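**Q** The structure is given below, and queries will be raised subsequently.
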Amino acid sequence: MRSAISILGVALGVALIMLFTGLAHGMSEDLQKRSSNVSAEIIFTRPGSMQLTSSSANLNTKYVELLQNIEGVESVTPVIRYFYPSGSFGVDQVEGIEWGSFSKMNNIRIIQGRAPSATDDVVIDETKASRNHPVGSTLKIFGDRQYHVVGIYAPESGARAKVTLASLQESLEAPGKCTFIFIKLKNPADQVAVARRIEEKFPGNKIQFTREVFATIENSIPGLNIFLRVLVGLAAVVSALVVMLAMHTTITERTREIGILKAMGASRRYIISEIEREALLISFLGMVVGFALAWLAGFGIHKATGLIFQFGGWWALTAALIGLAGGALGAFYPAARAANLDPVNALAYE
Amino acid sequence: MATILKAENLEKVYRVGKVDVPALRGVSLAIQEGEFIGVMGPSGCGKSTMLHLLGGLLTPTSGRIVIDGEDLTAASDAKRTDIRRRKIGFVFQRFNLFPTLTAEGNLRLAERIHGNGADDPDRRREVLRMLRLEDKMHHKPLELSGGEQQRVALARAVVNRPAIVLADEPTGNLDSENSAIVLKMLRELNDRFNQTIIMITHNPEAAEACQRVIQMRDGHIVDG
């Protein structure tokens, strides 16, 4: 029973590391994958109009026509990106687009149903459709307002749900506005020169290269890596404390046995190594159970919420090492204490 | 016969709170190789303290102990453990077997602690056969009677051929029938293998099995 609790303690630490890092990487990878299907080389926007989990429609759509006339620009399309509360967990996003220009620029197509045209039409990608949202079903985006799923598109690109630009302008009471404008160039190699031209013509706006924005999603989340390291550290401390407590109890219960070992001539090193061996076995089993728990929990959470987990080999190795090292270090103090027990007192222990 | 154990003027004082409690007050003795010694005396006379000092489980306040040519009192804690491992076998009143290990497993553990790559199934079987335990070698302590458990403890004490076996009331927890069996085994070990044995006992019948009996009182040897 005691060993089972120790194994679960280590498993908890390992599972926490795997789940937190898996979720962070899974979500950012997913975001990156969907973003990589964007063909535009340049994003034109207002400073501060687009953050990671919030956005506002404060860019005038008059720029669409103006940007189209810049030398080297092949096509432009305006987008409103809006984040909204989704279920019990976090936020989701929807994009308001002009289907014709957006789909042409980014090579996306309707694979089932039709493109959005009315203000309550929405098209979604295959991942969202697989979560019980077939064509013909409804979707809530703004409070209780129902949107009709009229089509499914592929490949995945940007927000999973897309409505018409006019629909989002109306909902946000932002007529004639958008969040950003995608700009596709005739020659992608010219993007620096074209960006300079846009900057000269429309100073005070923000011009970003999509390759830079999407390549650094993970790094652009403030403190993500520090956050993950802190979590990993906490998980290591939890594992070590659980093993230490279990070993401390074990040794107290086995005081008499340790006295017998000492009477038989067992050295300090022998006693420490025996206890450490047991701790490592517990940690190893905890590690295996932890991986299984993480996989099961990740699968369950994905099914229930749609959150995506990506378990990386490097983090699995880190979790394994932390589980084993936490167990070994946690057992060391009780082991050293056992090795220093007075044999006569230990033999008299009841 | 060579002297296998020599103790000179052993004193042991326990500190209980702010009070010094003397347990041994100058004990000297010499044990020859192959002797079977009984130690008797009333409770609190210092028998167990003397046995623990001779086995290196305690250090004396003053005095000197030499076992098989090695000075136990001058040794560091680690060295004392090493001498105990190589030269001493303990048998306790409460058997002190490891409950999760079989009879043979308890012997194998003793071999492992003794080291030198010792893993000698023939020797284990020989010792268990001599102690009439061959058919019990795969039994765990709780599946054995008290007498059988004490015989396993005895087998564990001698499996590494120690210079001396120190037995602390080995028949104290046994009925008369099992006591007689264990005493017979001790006698046999002494006769067949010239095993030196020092045994604390309150039992006069057990003392009769010994070649020599040391009587203790108030931390002194008063006879033997």
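Order determines the names: the first chain of the structure tokens is A, the second B, and so forth; residues in each chain are numbered 1 upward, and ligands are numbered 1 upward as they are shown.
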Based on only C-alpha atoms, which of the residues in chain B come within 9 Å of chain A? I want them as a list in words.
**A**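 Here is what falls inside 9 Å: His52, Gly55, Gly56, Leu57, Leu58, Ala78, Arg80, Thr81, Asp82, Ile83, Arg84, Arg85, Arg86, Ile88, Gly89, Phe90, Asn96, Leu97, Phe98, Ala110, Ile113, His114 and Ala157 of chain B.
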**Q** Enumerate, as a PyMOL selection string, the complete set of residues in stretch 115-166 of chain A that a backbone-based DSSP assignment places in strand (DSSP E or B).
**A** chain A and resi 121-125+138-140+146-154+161-164
**Q** Considering only C-alpha atoms, return as a PDB file with N, CA and C atoms, in the first residue's frame whatever protein or nucleic-acid residues lie within 9 Å of A:Phe20, sequence-local ones (same chain, fewer than 5 positions apart) excluded.
**A**
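What follows is the written file out-v7.pdb:
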ATOM      1  N   ALA A  15       3.427  12.731 -14.704  1.00  0.00           N
ATOM      2  CA  ALA A  15       2.246  13.032 -15.525  1.00  0.00           C
ATOM      3  C   ALA A  15       2.051  14.548 -15.644  1.00  0.00           C
ATOM      4  N   HIS A  25       3.098  22.561 -25.955  1.00  0.00           N
ATOM      5  CA  HIS A  25       3.654  22.308 -27.286  1.00  0.00           C
ATOM      6  C   HIS A  25       2.573  21.932 -28.287  1.00  0.00           C
ATOM      7  N   LEU A 228       7.145  26.718 -17.964  1.00  0.00           N
ATOM      8  CA  LEU A 228       7.283  25.267 -18.065  1.00  0.00           C
ATOM      9  C   LEU A 228       8.371  24.748 -17.138  1.00  0.00           C
ATOM     10  N   LEU A 231       7.165  24.662 -13.627  1.00  0.00           N
ATOM     11  CA  LEU A 231       6.281  23.511 -13.432  1.00  0.00           C
ATOM     12  C   LEU A 231       7.072  22.223 -13.293  1.00  0.00           C
ATOM     13  N   VAL A 232       8.073  22.083 -14.150  1.00  0.00           N
ATOM     14  CA  VAL A 232       8.908  20.883 -14.107  1.00  0.00           C
ATOM     15  C   VAL A 232       9.620  20.802 -12.754  1.00  0.00           C
ATOM     16  N   PHE A 309      -2.611  17.809 -27.226  1.00  0.00           N
ATOM     17  CA  PHE A 309      -1.386  17.484 -26.497  1.00  0.00           C
ATOM     18  C   PHE A 309      -0.370  16.918 -27.475  1.00  0.00           C
TER      19      PHE A 309
END
**Q** Stretch 299-304 of chain A: which residues within 12 Å, counting only C-alpha atoms, same-chain residues fewer than 2 positions away excluded, as a PyMOL selection string?
**A** chain A and resi 19+22-23+26-27+87-89+127-128+130-132+292-297+306-311
**Q** Enter the distance from atom CA of A:Leu341 to atom CA of B:Leu10, in Å, rounded to one decimal.
**A**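 Atom CA of A:Leu341 sits 23.8 Å away from atom CA of B:Leu10.
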**Q** From the list A:Ile251, A:Leu185, A:Val163, A:Ala57, which residue is nearest A:Ser39 when using only C-alpha atoms?
**A**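 Going through A:Ile251, A:Leu185, A:Val163, A:Ala57 one by one, the smallest distance to A:Ser39 is for A:Leu185.
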**Q** Mind checking DSSP for stretch 96-333 of chain A and telling me the helix (DSSP H, G or I) residues as a short mmCIF file (atom, residue, chain, number, x, y, z; two decimals) with N, CA and C atoms, in the first residue's frame?
**A**
data_model
loop_
_atom_site.label_atom_id
_atom_site.label_comp_id
_atom_site.auth_asym_id
_atom_site.auth_seq_id
_atom_site.Cartn_x
_atom_site.Cartn_y
_atom_site.Cartn_z
N TRP A 99 -14.84 35.47 -48.26
CA TRP A 99 -14.50 34.11 -48.67
C TRP A 99 -13.77 34.06 -50.02
N GLY A 100 -14.24 34.79 -50.98
CA GLY A 100 -13.67 34.72 -52.33
C GLY A 100 -12.19 35.02 -52.33
N SER A 101 -11.81 36.20 -51.83
CA SER A 101 -10.39 36.60 -51.88
C SER A 101 -9.55 35.78 -50.91
N PHE A 102 -10.11 35.47 -49.73
CA PHE A 102 -9.34 34.72 -48.72
C PHE A 102 -9.01 33.31 -49.21
N SER A 103 -10.05 32.62 -49.74
CA SER A 103 -9.84 31.23 -50.16
C SER A 103 -8.92 31.15 -51.37
N LYS A 104 -9.03 32.14 -52.22
CA LYS A 104 -8.17 32.15 -53.42
C LYS A 104 -6.71 32.38 -53.02
N MET A 105 -6.52 33.35 -52.11
CA MET A 105 -5.15 33.66 -51.70
C MET A 105 -4.50 32.46 -50.98
N ASN A 106 -5.27 31.79 -50.09
CA ASN A 106 -4.67 30.76 -49.24
C ASN A 106 -4.95 29.33 -49.70
N GLU A 126 -12.02 20.62 -40.62
CA GLU A 126 -12.39 19.22 -40.35
C GLU A 126 -12.24 18.84 -38.88
N THR A 127 -11.22 19.42 -38.21
CA THR A 127 -11.01 19.08 -36.79
C THR A 127 -12.22 19.51 -35.97
N LYS A 128 -12.68 20.73 -36.21
CA LYS A 128 -13.84 21.22 -35.45
C LYS A 128 -15.10 20.43 -35.83
N ALA A 129 -15.21 20.09 -37.13
CA ALA A 129 -16.38 19.34 -37.57
C ALA A 129 -16.43 17.97 -36.91
N SER A 130 -15.23 17.39 -36.66
CA SER A 130 -15.19 16.05 -36.07
C SER A 130 -15.67 16.05 -34.63
N LEU A 165 -16.94 38.58 -43.30
CA LEU A 165 -16.39 39.80 -42.71
C LEU A 165 -17.54 40.70 -42.26
N ALA A 166 -18.58 40.78 -43.09
CA ALA A 166 -19.72 41.64 -42.77
C ALA A 166 -20.40 41.20 -41.49
N SER A 167 -20.46 39.88 -41.29
CA SER A 167 -21.12 39.35 -40.11
C SER A 167 -20.39 39.81 -38.84
N LEU A 168 -19.06 39.68 -38.84
CA LEU A 168 -18.30 40.07 -37.65
C LEU A 168 -18.33 41.60 -37.47
N GLN A 169 -18.29 42.32 -38.59
CA GLN A 169 -18.37 43.80 -38.48
C GLN A 169 -19.68 44.19 -37.81
N GLU A 170 -20.72 43.50 -38.18
CA GLU A 170 -22.03 43.81 -37.61
C GLU A 170 -22.07 43.43 -36.12
N SER A 171 -21.57 42.23 -35.81
CA SER A 171 -21.61 41.77 -34.43
C SER A 171 -20.77 42.65 -33.52
N PRO A 188 7.60 36.42 -53.66
CA PRO A 188 7.84 36.38 -52.20
C PRO A 188 9.23 36.90 -51.83
N ALA A 189 10.19 36.80 -52.78
CA ALA A 189 11.54 37.26 -52.48
C ALA A 189 11.62 38.78 -52.31
N ASP A 190 10.58 39.46 -52.77
CA ASP A 190 10.59 40.93 -52.70
C ASP A 190 9.98 41.49 -51.42
N GLN A 191 9.69 40.62 -50.46
CA GLN A 191 8.86 41.08 -49.34
C GLN A 191 9.48 42.22 -48.57
N VAL A 192 10.80 42.26 -48.45
CA VAL A 192 11.42 43.36 -47.69
C VAL A 192 11.22 44.68 -48.43
N ALA A 193 11.42 44.62 -49.74
CA ALA A 193 11.27 45.84 -50.54
C ALA A 193 9.83 46.32 -50.54
N VAL A 194 8.89 45.37 -50.69
CA VAL A 194 7.47 45.75 -50.70
C VAL A 194 7.08 46.32 -49.34
N ALA A 195 7.56 45.68 -48.27
CA ALA A 195 7.23 46.16 -46.92
C ALA A 195 7.72 47.59 -46.74
N ARG A 196 8.90 47.88 -47.29
CA ARG A 196 9.45 49.23 -47.18
C ARG A 196 8.54 50.23 -47.92
N ARG A 197 8.09 49.79 -49.09
CA ARG A 197 7.19 50.66 -49.87
C ARG A 197 5.90 50.95 -49.09
N ILE A 198 5.35 49.90 -48.46
CA ILE A 198 4.11 50.08 -47.69
C ILE A 198 4.36 51.01 -46.51
N GLU A 199 5.47 50.84 -45.88
CA GLU A 199 5.82 51.66 -44.70
C GLU A 199 5.94 53.13 -45.10
N GLU A 200 6.57 53.33 -46.25
CA GLU A 200 6.73 54.72 -46.72
C GLU A 200 5.39 55.36 -47.05
N LYS A 201 4.52 54.54 -47.63
CA LYS A 201 3.24 55.08 -48.07
C LYS A 201 2.24 55.25 -46.93
N THR A 210 4.86 37.22 -42.21
CA THR A 210 4.20 36.03 -41.64
C THR A 210 5.24 34.99 -41.21
N ARG A 211 6.35 34.87 -41.95
CA ARG A 211 7.36 33.85 -41.60
C ARG A 211 7.90 34.10 -40.19
N GLU A 212 8.01 35.38 -39.80
CA GLU A 212 8.53 35.71 -38.47
C GLU A 212 7.47 35.51 -37.40
N VAL A 213 6.27 35.89 -37.73
CA VAL A 213 5.18 35.76 -36.74
C VAL A 213 4.96 34.30 -36.38
N PHE A 214 4.88 33.45 -37.41
CA PHE A 214 4.51 32.08 -37.14
C PHE A 214 5.69 31.22 -36.70
N ALA A 215 6.88 31.63 -37.03
CA ALA A 215 8.03 30.84 -36.62
C ALA A 215 8.30 30.99 -35.14
N ILE A 217 5.92 31.60 -32.59
CA ILE A 217 4.73 31.61 -31.73
C ILE A 217 5.08 31.18 -30.31
N GLU A 218 5.83 30.06 -30.22
CA GLU A 218 6.15 29.54 -28.89
C GLU A 218 7.00 30.53 -28.10
N ASN A 219 7.98 31.12 -28.81
CA ASN A 219 8.86 32.06 -28.11
C ASN A 219 8.16 33.38 -27.82
N SER A 220 7.10 33.66 -28.58
CA SER A 220 6.47 34.96 -28.40
C SER A 220 5.49 34.97 -27.22
N LEU A 224 6.72 31.60 -21.43
CA LEU A 224 6.22 30.23 -21.53
C LEU A 224 7.28 29.22 -21.08
N ASN A 225 8.50 29.43 -21.59
CA ASN A 225 9.55 28.47 -21.25
C ASN A 225 9.88 28.51 -19.76
N ILE A 226 9.88 29.74 -19.20
CA ILE A 226 10.14 29.86 -17.76
C ILE A 226 9.02 29.16 -16.98
N PHE A 227 7.79 29.41 -17.44
CA PHE A 227 6.62 28.79 -16.80
C PHE A 227 6.76 27.26 -16.81
N LEU A 228 7.14 26.72 -17.96
CA LEU A 228 7.28 25.27 -18.07
C LEU A 228 8.37 24.75 -17.14
N ARG A 229 9.48 25.51 -17.07
CA ARG A 229 10.59 25.05 -16.22
C ARG A 229 10.19 25.08 -14.74
N VAL A 230 9.42 26.11 -14.38
CA VAL A 230 8.95 26.19 -12.99
C VAL A 230 8.05 24.99 -12.68
N LEU A 231 7.17 24.66 -13.63
CA LEU A 231 6.28 23.51 -13.43
C LEU A 231 7.07 22.22 -13.29
N VAL A 232 8.07 22.08 -14.15
CA VAL A 232 8.91 20.88 -14.11
C VAL A 232 9.62 20.80 -12.75
N GLY A 233 10.13 21.94 -12.29
CA GLY A 233 10.80 22.00 -10.99
C GLY A 233 9.85 21.61 -9.86
N LEU A 234 8.63 22.12 -9.92
CA LEU A 234 7.65 21.80 -8.88
C LEU A 234 7.31 20.32 -8.90
N ALA A 235 7.16 19.78 -10.11
CA ALA A 235 6.86 18.35 -10.21
C ALA A 235 8.00 17.53 -9.62
N ALA A 236 9.23 17.97 -9.85
CA ALA A 236 10.39 17.25 -9.30
C ALA A 236 10.36 17.30 -7.78
N VAL A 237 10.03 18.47 -7.22
CA VAL A 237 9.97 18.60 -5.76
C VAL A 237 8.87 17.71 -5.20
N VAL A 238 7.71 17.69 -5.88
CA VAL A 238 6.60 16.84 -5.42
C VAL A 238 7.04 15.37 -5.40
N SER A 239 7.68 14.93 -6.50
CA SER A 239 8.13 13.53 -6.57
C SER A 239 9.10 13.22 -5.44
N ALA A 240 10.07 14.11 -5.25
CA ALA A 240 11.10 13.87 -4.24
C ALA A 240 10.48 13.83 -2.84
N LEU A 241 9.55 14.76 -2.57
CA LEU A 241 8.94 14.80 -1.24
C LEU A 241 8.11 13.55 -0.96
N VAL A 242 7.38 13.10 -2.00
CA VAL A 242 6.54 11.91 -1.81
C VAL A 242 7.42 10.70 -1.51
N VAL A 243 8.49 10.56 -2.30
CA VAL A 243 9.38 9.41 -2.08
C VAL A 243 10.06 9.54 -0.71
N MET A 244 10.47 10.77 -0.35
CA MET A 244 11.14 10.97 0.93
C MET A 244 10.21 10.56 2.08
N LEU A 245 8.97 11.00 1.98
CA LEU A 245 8.00 10.69 3.04
C LEU A 245 7.77 9.18 3.11
N ALA A 246 7.61 8.56 1.93
CA ALA A 246 7.36 7.12 1.91
C ALA A 246 8.56 6.37 2.48
N MET A 247 9.76 6.78 2.09
CA MET A 247 10.97 6.10 2.56
C MET A 247 11.17 6.33 4.06
N HIS A 248 10.84 7.54 4.50
CA HIS A 248 10.96 7.87 5.93
C HIS A 248 10.05 6.93 6.74
N THR A 249 8.82 6.76 6.25
CA THR A 249 7.87 5.86 6.93
C THR A 249 8.38 4.43 6.87
N THR A 250 8.85 4.04 5.69
CA THR A 250 9.37 2.68 5.52
C THR A 250 10.47 2.39 6.53
N ILE A 251 11.37 3.35 6.64
CA ILE A 251 12.54 3.12 7.49
C ILE A 251 12.14 3.10 8.96
N THR A 252 11.19 3.96 9.32
CA THR A 252 10.72 3.93 10.70
C THR A 252 10.10 2.57 11.00
N GLU A 253 9.30 2.08 10.05
CA GLU A 253 8.67 0.77 10.26
C GLU A 253 9.69 -0.36 10.26
N THR A 255 12.86 -0.17 11.30
CA THR A 255 14.01 0.13 12.16
C THR A 255 14.64 -1.16 12.69
N ARG A 256 13.78 -2.08 13.12
CA ARG A 256 14.30 -3.32 13.69
C ARG A 256 15.07 -4.12 12.64
N GLU A 257 14.52 -4.16 11.40
CA GLU A 257 15.20 -4.90 10.33
C GLU A 257 16.56 -4.28 10.01
N ILE A 258 16.59 -2.96 10.09
CA ILE A 258 17.88 -2.29 9.83
C ILE A 258 18.87 -2.64 10.95
N GLY A 259 18.35 -2.73 12.18
CA GLY A 259 19.19 -3.16 13.30
C GLY A 259 19.75 -4.56 13.06
N ILE A 260 18.90 -5.46 12.51
CA ILE A 260 19.37 -6.83 12.22
C ILE A 260 20.47 -6.79 11.16
N LEU A 261 20.21 -5.98 10.12
CA LEU A 261 21.22 -5.87 9.05
C LEU A 261 22.55 -5.38 9.63
N LYS A 262 22.47 -4.40 10.54
CA LYS A 262 23.71 -3.87 11.13
C LYS A 262 24.39 -4.93 12.00
N ALA A 263 23.57 -5.69 12.72
CA ALA A 263 24.14 -6.76 13.55
C ALA A 263 24.82 -7.81 12.67
N ARG A 268 27.31 0.90 6.07
CA ARG A 268 26.45 2.05 5.74
C ARG A 268 26.14 2.06 4.25
N ARG A 269 27.18 1.82 3.47
CA ARG A 269 27.00 1.87 2.01
C ARG A 269 25.98 0.83 1.55
N TYR A 270 26.07 -0.36 2.15
CA TYR A 270 25.13 -1.44 1.78
C TYR A 270 23.70 -1.02 2.08
N ILE A 271 23.49 -0.46 3.29
CA ILE A 271 22.12 -0.08 3.69
C ILE A 271 21.60 1.04 2.80
N ILE A 272 22.45 2.04 2.53
CA ILE A 272 22.01 3.14 1.66
C ILE A 272 21.69 2.62 0.27
N SER A 273 22.56 1.74 -0.24
CA SER A 273 22.34 1.26 -1.61
C SER A 273 21.07 0.41 -1.70
N GLU A 274 20.78 -0.37 -0.65
CA GLU A 274 19.55 -1.17 -0.67
C GLU A 274 18.31 -0.27 -0.72
N ILE A 275 18.33 0.79 0.12
CA ILE A 275 17.17 1.69 0.18
C ILE A 275 17.06 2.48 -1.13
N GLU A 276 18.20 2.90 -1.66
CA GLU A 276 18.19 3.63 -2.92
C GLU A 276 17.68 2.75 -4.06
N ARG A 277 18.05 1.46 -3.99
CA ARG A 277 17.60 0.55 -5.04
C ARG A 277 16.07 0.42 -5.01
N GLU A 278 15.55 0.33 -3.81
CA GLU A 278 14.09 0.24 -3.68
C GLU A 278 13.44 1.53 -4.19
N ALA A 279 14.05 2.68 -3.83
CA ALA A 279 13.49 3.97 -4.26
C ALA A 279 13.52 4.08 -5.79
N LEU A 280 14.61 3.60 -6.39
CA LEU A 280 14.72 3.68 -7.85
C LEU A 280 13.68 2.78 -8.52
N LEU A 281 13.43 1.62 -7.92
CA LEU A 281 12.41 0.72 -8.47
C LEU A 281 11.03 1.39 -8.39
N ILE A 282 10.76 2.01 -7.23
CA ILE A 282 9.48 2.73 -7.05
C ILE A 282 9.39 3.85 -8.08
N SER A 283 10.48 4.59 -8.24
CA SER A 283 10.49 5.72 -9.18
C SER A 283 10.29 5.24 -10.62
N PHE A 284 10.93 4.11 -10.95
CA PHE A 284 10.79 3.58 -12.31
C PHE A 284 9.34 3.20 -12.59
N LEU A 285 8.74 2.49 -11.62
CA LEU A 285 7.33 2.10 -11.79
C LEU A 285 6.45 3.35 -11.85
N GLY A 286 6.78 4.35 -11.00
CA GLY A 286 6.03 5.61 -11.00
C GLY A 286 6.14 6.31 -12.35
N MET A 287 7.33 6.23 -12.93
CA MET A 287 7.56 6.85 -14.24
C MET A 287 6.68 6.18 -15.30
N VAL A 288 6.65 4.85 -15.30
CA VAL A 288 5.84 4.12 -16.29
C VAL A 288 4.36 4.46 -16.10
N VAL A 289 3.91 4.42 -14.83
CA VAL A 289 2.51 4.75 -14.55
C VAL A 289 2.23 6.21 -14.94
N GLY A 290 3.19 7.09 -14.67
CA GLY A 290 3.03 8.51 -15.00
C GLY A 290 2.86 8.73 -16.49
N PHE A 291 3.66 8.03 -17.30
CA PHE A 291 3.52 8.15 -18.76
C PHE A 291 2.13 7.67 -19.19
N ALA A 292 1.71 6.54 -18.63
CA ALA A 292 0.39 6.00 -18.98
C ALA A 292 -0.72 6.98 -18.56
N LEU A 293 -0.58 7.54 -17.35
CA LEU A 293 -1.58 8.50 -16.86
C LEU A 293 -1.64 9.72 -17.77
N ALA A 294 -0.45 10.22 -18.15
CA ALA A 294 -0.39 11.42 -19.00
C ALA A 294 -1.07 11.15 -20.34
N TRP A 295 -0.79 9.96 -20.89
CA TRP A 295 -1.38 9.64 -22.19
C TRP A 295 -2.90 9.55 -22.08
N LEU A 296 -3.36 8.85 -21.02
CA LEU A 296 -4.80 8.68 -20.83
C LEU A 296 -5.47 10.03 -20.58
N ALA A 297 -4.85 10.85 -19.70
CA ALA A 297 -5.44 12.16 -19.37
C ALA A 297 -5.45 13.05 -20.61
N GLY A 298 -4.35 13.03 -21.37
CA GLY A 298 -4.27 13.84 -22.58
C GLY A 298 -5.35 13.44 -23.57
N PHE A 299 -5.54 12.12 -23.71
CA PHE A 299 -6.56 11.61 -24.63
C PHE A 299 -7.96 12.05 -24.18
N GLY A 300 -8.20 11.90 -22.87
CA GLY A 300 -9.51 12.25 -22.31
C GLY A 300 -9.79 13.74 -22.43
N ILE A 301 -8.79 14.56 -22.10
CA ILE A 301 -8.98 16.01 -22.14
C ILE A 301 -9.19 16.46 -23.59
N HIS A 302 -8.44 15.83 -24.51
CA HIS A 302 -8.60 16.18 -25.93
C HIS A 302 -10.02 15.85 -26.39
N LYS A 303 -10.51 14.68 -25.98
CA LYS A 303 -11.86 14.27 -26.39
C LYS A 303 -12.92 15.22 -25.81
N ALA A 304 -12.67 15.64 -24.55
CA ALA A 304 -13.69 16.44 -23.87
C ALA A 304 -13.64 17.91 -24.27
N THR A 305 -12.45 18.43 -24.52
CA THR A 305 -12.32 19.88 -24.71
C THR A 305 -11.73 20.28 -26.05
N GLY A 313 9.67 13.81 -27.16
CA GLY A 313 10.66 12.88 -26.64
C GLY A 313 11.57 13.53 -25.61
N TRP A 314 11.94 14.79 -25.87
CA TRP A 314 12.87 15.48 -24.98
C TRP A 314 12.24 15.69 -23.60
N TRP A 315 10.96 16.09 -23.61
CA TRP A 315 10.29 16.30 -22.33
C TRP A 315 10.00 14.98 -21.63
N ALA A 316 9.76 13.92 -22.41
CA ALA A 316 9.55 12.60 -21.81
C ALA A 316 10.82 12.17 -21.09
N LEU A 317 11.96 12.42 -21.76
CA LEU A 317 13.26 12.08 -21.16
C LEU A 317 13.48 12.90 -19.88
N THR A 318 13.13 14.21 -19.97
CA THR A 318 13.28 15.08 -18.79
C THR A 318 12.39 14.57 -17.65
N ALA A 319 11.14 14.23 -17.97
CA ALA A 319 10.21 13.74 -16.94
C ALA A 319 10.74 12.44 -16.33
N ALA A 320 11.29 11.56 -17.19
CA ALA A 320 11.82 10.28 -16.69
C ALA A 320 12.99 10.54 -15.75
N LEU A 321 13.89 11.43 -16.16
CA LEU A 321 15.06 11.72 -15.33
C LEU A 321 14.65 12.36 -14.02
N ILE A 322 13.67 13.27 -14.10
CA ILE A 322 13.22 13.94 -12.88
C ILE A 322 12.53 12.95 -11.94
N GLY A 323 11.73 12.05 -12.51
CA GLY A 323 11.07 11.02 -11.69
C GLY A 323 12.11 10.15 -10.98
N LEU A 324 13.12 9.72 -11.73
CA LEU A 324 14.14 8.84 -11.14
C LEU A 324 15.02 9.60 -10.15
N ALA A 325 15.47 10.80 -10.58
CA ALA A 325 16.36 11.58 -9.71
C ALA A 325 15.61 12.04 -8.46
N GLY A 326 14.35 12.45 -8.64
CA GLY A 326 13.54 12.89 -7.49
C GLY A 326 13.41 11.76 -6.48
N GLY A 327 13.16 10.54 -6.99
CA GLY A 327 13.04 9.38 -6.11
C GLY A 327 14.34 9.08 -5.39
N ALA A 328 15.43 9.10 -6.17
CA ALA A 328 16.74 8.77 -5.58
C ALA A 328 17.14 9.81 -4.54
N LEU A 329 16.94 11.09 -4.86
CA LEU A 329 17.32 12.14 -3.91
C LEU A 329 16.39 12.14 -2.69
N GLY A 330 15.09 11.90 -2.95
CA GLY A 330 14.14 11.87 -1.85
C GLY A 330 14.45 10.76 -0.86
N ALA A 331 14.99 9.66 -1.37
CA ALA A 331 15.28 8.51 -0.50
C ALA A 331 16.62 8.67 0.22
N PHE A 332 17.45 9.61 -0.24
CA PHE A 332 18.81 9.65 0.29
C PHE A 332 18.85 10.01 1.77
N TYR A 333 18.08 11.02 2.17
CA TYR A 333 18.12 11.42 3.58
C TYR A 333 17.64 10.29 4.48
#
